[in-house]
Amino acid sequence: MSTHLVTIQNCSVYNSARQILPSLNWQMDAGEAWLITGANGCGSADFIRALAGDFEFIPSSEDALFSNVFKESVAIVSLEKAASLIEEERVNDESEILNKIDEGRTGRRFLCEVLGGSTRRHDPLPEIAQRLETLPEVKLCGVQNILDRGLKFMSTGEVRRMLLCRALLSGCKLLILSNPFAGLDASSRAILLEFFDSMAKRQTNTSQQNTQDFPHVILCTDRFTEIPESINRVLEFTESSISFCGTKEEYQKVHSSREEERSKTRAETKQAFLQTLQKIREETKVLTEESQISTTENSEQSKELIRFNNVNVGWDEHKVLINMNWTVMQGEHWFIRGPNGSGKTTMLELITGDNMQVFREDVRLFGKRRGSGETIWDIRKNLGIVSYRLHVEYRMVGDTTIQNTIISGFHDSIGLYESATDFEKATALAWLRLAGLGGKENTAFNTLSYGQQRAVLILRAAVKSPRVLILDEPCHGLDEANRQLVLDLLETIAQTGTTTLLHVTHDPSEALACEKHILELHPGEEPMYRVIENAD
């Protein structure tokens, strides 16, 4: 019996229109557990989509060969898939027809679609639907308590766990987990790491007689962190080509050498970055001052940016925020943390106006209670936003160029629907050069990798120097270099004194030195939140 599971010899990757990866050579054998890595936009995301059948391997020479024992039995769990799932729910939303909030597909129906259930949302559920809670896959992924919640009402981490559970239930023979730890709380991350490690150990056990009797796993990540011990092979992409293919031990040496070189030049690189950023901010100072004058009064009240007075939010029997009292003053940078589904995103959506329950609660922004006559545009001209919701909305108008995506930050719009001024164009180009995207201003947003899209949305949020910058997992999908660039950018913005940060992340290493105020959410406890002032 052949030990070759996947063989790619002199094959290029094509989408429906063009070649996206040049001729490649790679082989996956029995007994191997692979990590696929590389920077944002390097080609790794296109490669795993080709493995899953989304793109096609085309021979590029006479001796070309492509074989895959998993064939069509491949499932990907990724940030991209999660975003696509929510896009689908948005497109199929029937709230206007029903004259009430359309819950859409529940987690229970979504899982049943791979267990013999219908894909038509109003058809009866199969018999197994009543005992999903007893299935080991459901317990492993920790989704028992959200089975009857609509997908579009789940947090990012909950959607990702639901996708993993569905992949496990599908019976697919190859599971590709792309950036699986991004956006997951510590508990979920530990469970997933243990799950991956146990599966990878099984496939690296060369004594197995039939490698197709159990599912295999490939891990794909933009950052060489949290790598399970059982990984024994690494495939790295750089600029759409394979730049490394070998053992994990060999790659660790290469990676350590690169990190050492980067650390030697990091201080110099950071200083040059900060000088360029300062120049951009000086050039846009007049615009920033005009915004501050038009929205701010010289009074103590103007220093209060956000206030929650005994806020309660939830739906049906599910309570998210309970009797919450919280105040944000100008210059107080907040680090917000809590487990998946604890209400972090819901809380931020009350501020941005994306949750309509804000109008029945006492939520005050910039000294005014929401619902007292202000428009959504009055609110958003003072806010910069980076969130999963915004990312999904931008993907749905993804033919916008990345230059216009950044310019839209001046207008608080999804897409750009008016002519940009010369000043706006010049400013957007300067920010793109700062982020290493110079010369790509006419590239369509939806052709970028997920991580590159995230970086562009951060630039969009920062371009107008908002009074409050709302960051919901801003480093989702970013490689190590872009992650550090973004964290440096946010630290610098905080130092200006004109913008206050509200920062949600599950990764404690992404906490900024300026974030001296911490808000912790504790679902199921009373009170369900804790405030830590002047944290170190």
# chains A, B, ... in the order shown; residues from 1 in each chain; ligands from 1

$ select_by_dssp --residues "range 95-308 of chain A" --states "strand (DSSP E or B)" --output "ChimeraX atom specification"
/A:106,150,174-178,216-221,233-238,241-247,304-308

$ closest_atom_pairs --of "range 478-514 of chain A" --to "range 372-385 of chain A" --cutoff "12 Å" --atoms "only C-alpha atoms" --output "tab-separated table"
residue	atom	partner	partner_atom	distance
A:Leu490	CA	A:Gly384	CA	12.0
A:Ile493	CA	A:Gly384	CA	11.8
A:Thr498	CA	A:Asn382	CA	10.9
A:Thr499	CA	A:Leu383	CA	9.2
A:Thr500	CA	A:Leu383	CA	9.7
A:Leu501	CA	A:Gly384	CA	9.5
A:Leu502	CA	A:Ile385	CA	9.8
A:His503	CA	A:Ile385	CA	10.5
A:Val504	CA	A:Ile385	CA	11.8

$ write_last_selection --atoms "N, CA, C and O atoms" --output "mmCIF file, in the first residue's frame"
data_model
loop_
_atom_site.group_PDB
_atom_site.id
_atom_site.type_symbol
_atom_site.label_atom_id
_atom_site.label_comp_id
_atom_site.auth_asym_id
_atom_site.auth_seq_id
_atom_site.Cartn_x
_atom_site.Cartn_y
_atom_site.Cartn_z
ATOM 1 N N LEU A 490 -1.178 51.229 17.112
ATOM 2 C CA LEU A 490 -2.179 51.525 18.135
ATOM 3 C C LEU A 490 -1.546 52.216 19.338
ATOM 4 O O LEU A 490 -2.126 53.152 19.907
ATOM 5 N N ILE A 493 -0.965 55.825 18.353
ATOM 6 C CA ILE A 493 -2.221 56.569 18.312
ATOM 7 C C ILE A 493 -2.664 56.940 19.719
ATOM 8 O O ILE A 493 -3.118 58.060 19.982
ATOM 9 N N THR A 498 -5.498 62.303 21.539
ATOM 10 C CA THR A 498 -6.760 62.675 20.883
ATOM 11 C C THR A 498 -7.689 61.488 20.694
ATOM 12 O O THR A 498 -8.878 61.669 20.442
ATOM 13 N N THR A 499 -7.166 60.269 20.798
ATOM 14 C CA THR A 499 -7.964 59.066 20.556
ATOM 15 C C THR A 499 -7.877 58.134 21.760
ATOM 16 O O THR A 499 -6.796 57.871 22.278
ATOM 17 N N THR A 500 -9.041 57.630 22.196
ATOM 18 C CA THR A 500 -9.128 56.684 23.307
ATOM 19 C C THR A 500 -9.421 55.290 22.743
ATOM 20 O O THR A 500 -10.290 55.136 21.884
ATOM 21 N N LEU A 501 -8.709 54.277 23.225
ATOM 22 C CA LEU A 501 -8.832 52.918 22.707
ATOM 23 C C LEU A 501 -9.755 52.066 23.563
ATOM 24 O O LEU A 501 -9.667 52.083 24.799
ATOM 25 N N LEU A 502 -10.621 51.294 22.911
ATOM 26 C CA LEU A 502 -11.373 50.206 23.529
ATOM 27 C C LEU A 502 -10.943 48.942 22.802
ATOM 28 O O LEU A 502 -11.286 48.743 21.639
ATOM 29 N N HIS A 503 -10.201 48.065 23.473
ATOM 30 C CA HIS A 503 -9.483 46.975 22.802
ATOM 31 C C HIS A 503 -9.938 45.619 23.341
ATOM 32 O O HIS A 503 -9.711 45.299 24.507
ATOM 33 N N VAL A 504 -10.572 44.836 22.498
ATOM 34 C CA VAL A 504 -10.994 43.471 22.843
ATOM 35 C C VAL A 504 -10.042 42.473 22.198
ATOM 36 O O VAL A 504 -9.795 42.533 20.990
#

$ residues_around --residues "Val217 in chain A" --least-positions-apart "3" --cutoff "10 Å" --atoms "only C-alpha atoms" --output "PyMOL selection string"
chain A and resi 32-35+74-76+173-177+196-197+199-200+203+214+220

$ residues_around --residues "range 420-425 of chain A" --least-positions-apart "5" --cutoff "12 Å" --atoms "only C-alpha atoms" --output "PyMOL selection string"
chain A and resi 280+283-284+286-287+401-411+415+430-432+441-442+460+463-464

$ atom_distance --atom1 "CA of Ile146 in chain A" --atom2 "CA of Arg161 in chain A"
10.5 Å

$ atom_distance --atom1 "CA of Ile58 in chain A" --atom2 "CA of Ala17 in chain A"
12.7 Å

$ residues_around --residues "Leu65 in chain A" --least-positions-apart "2" --cutoff "10 Å" --atoms "only C-alpha atoms" --output "PyMOL selection string"
chain A and resi 7-11+25+57-63+67

$ select_by_dssp --residues "range 177-230 of chain A" --states "alpha helix (DSSP H)" --output "list in words"
Ala186, Ser187, Ser188, Arg189, Ala190, Ile191, Leu192, Leu193, Glu194, Phe195, Phe196, Asp197, Ser198, Met199, Ala200, Lys201, Arg202 and Gln203 of chain A
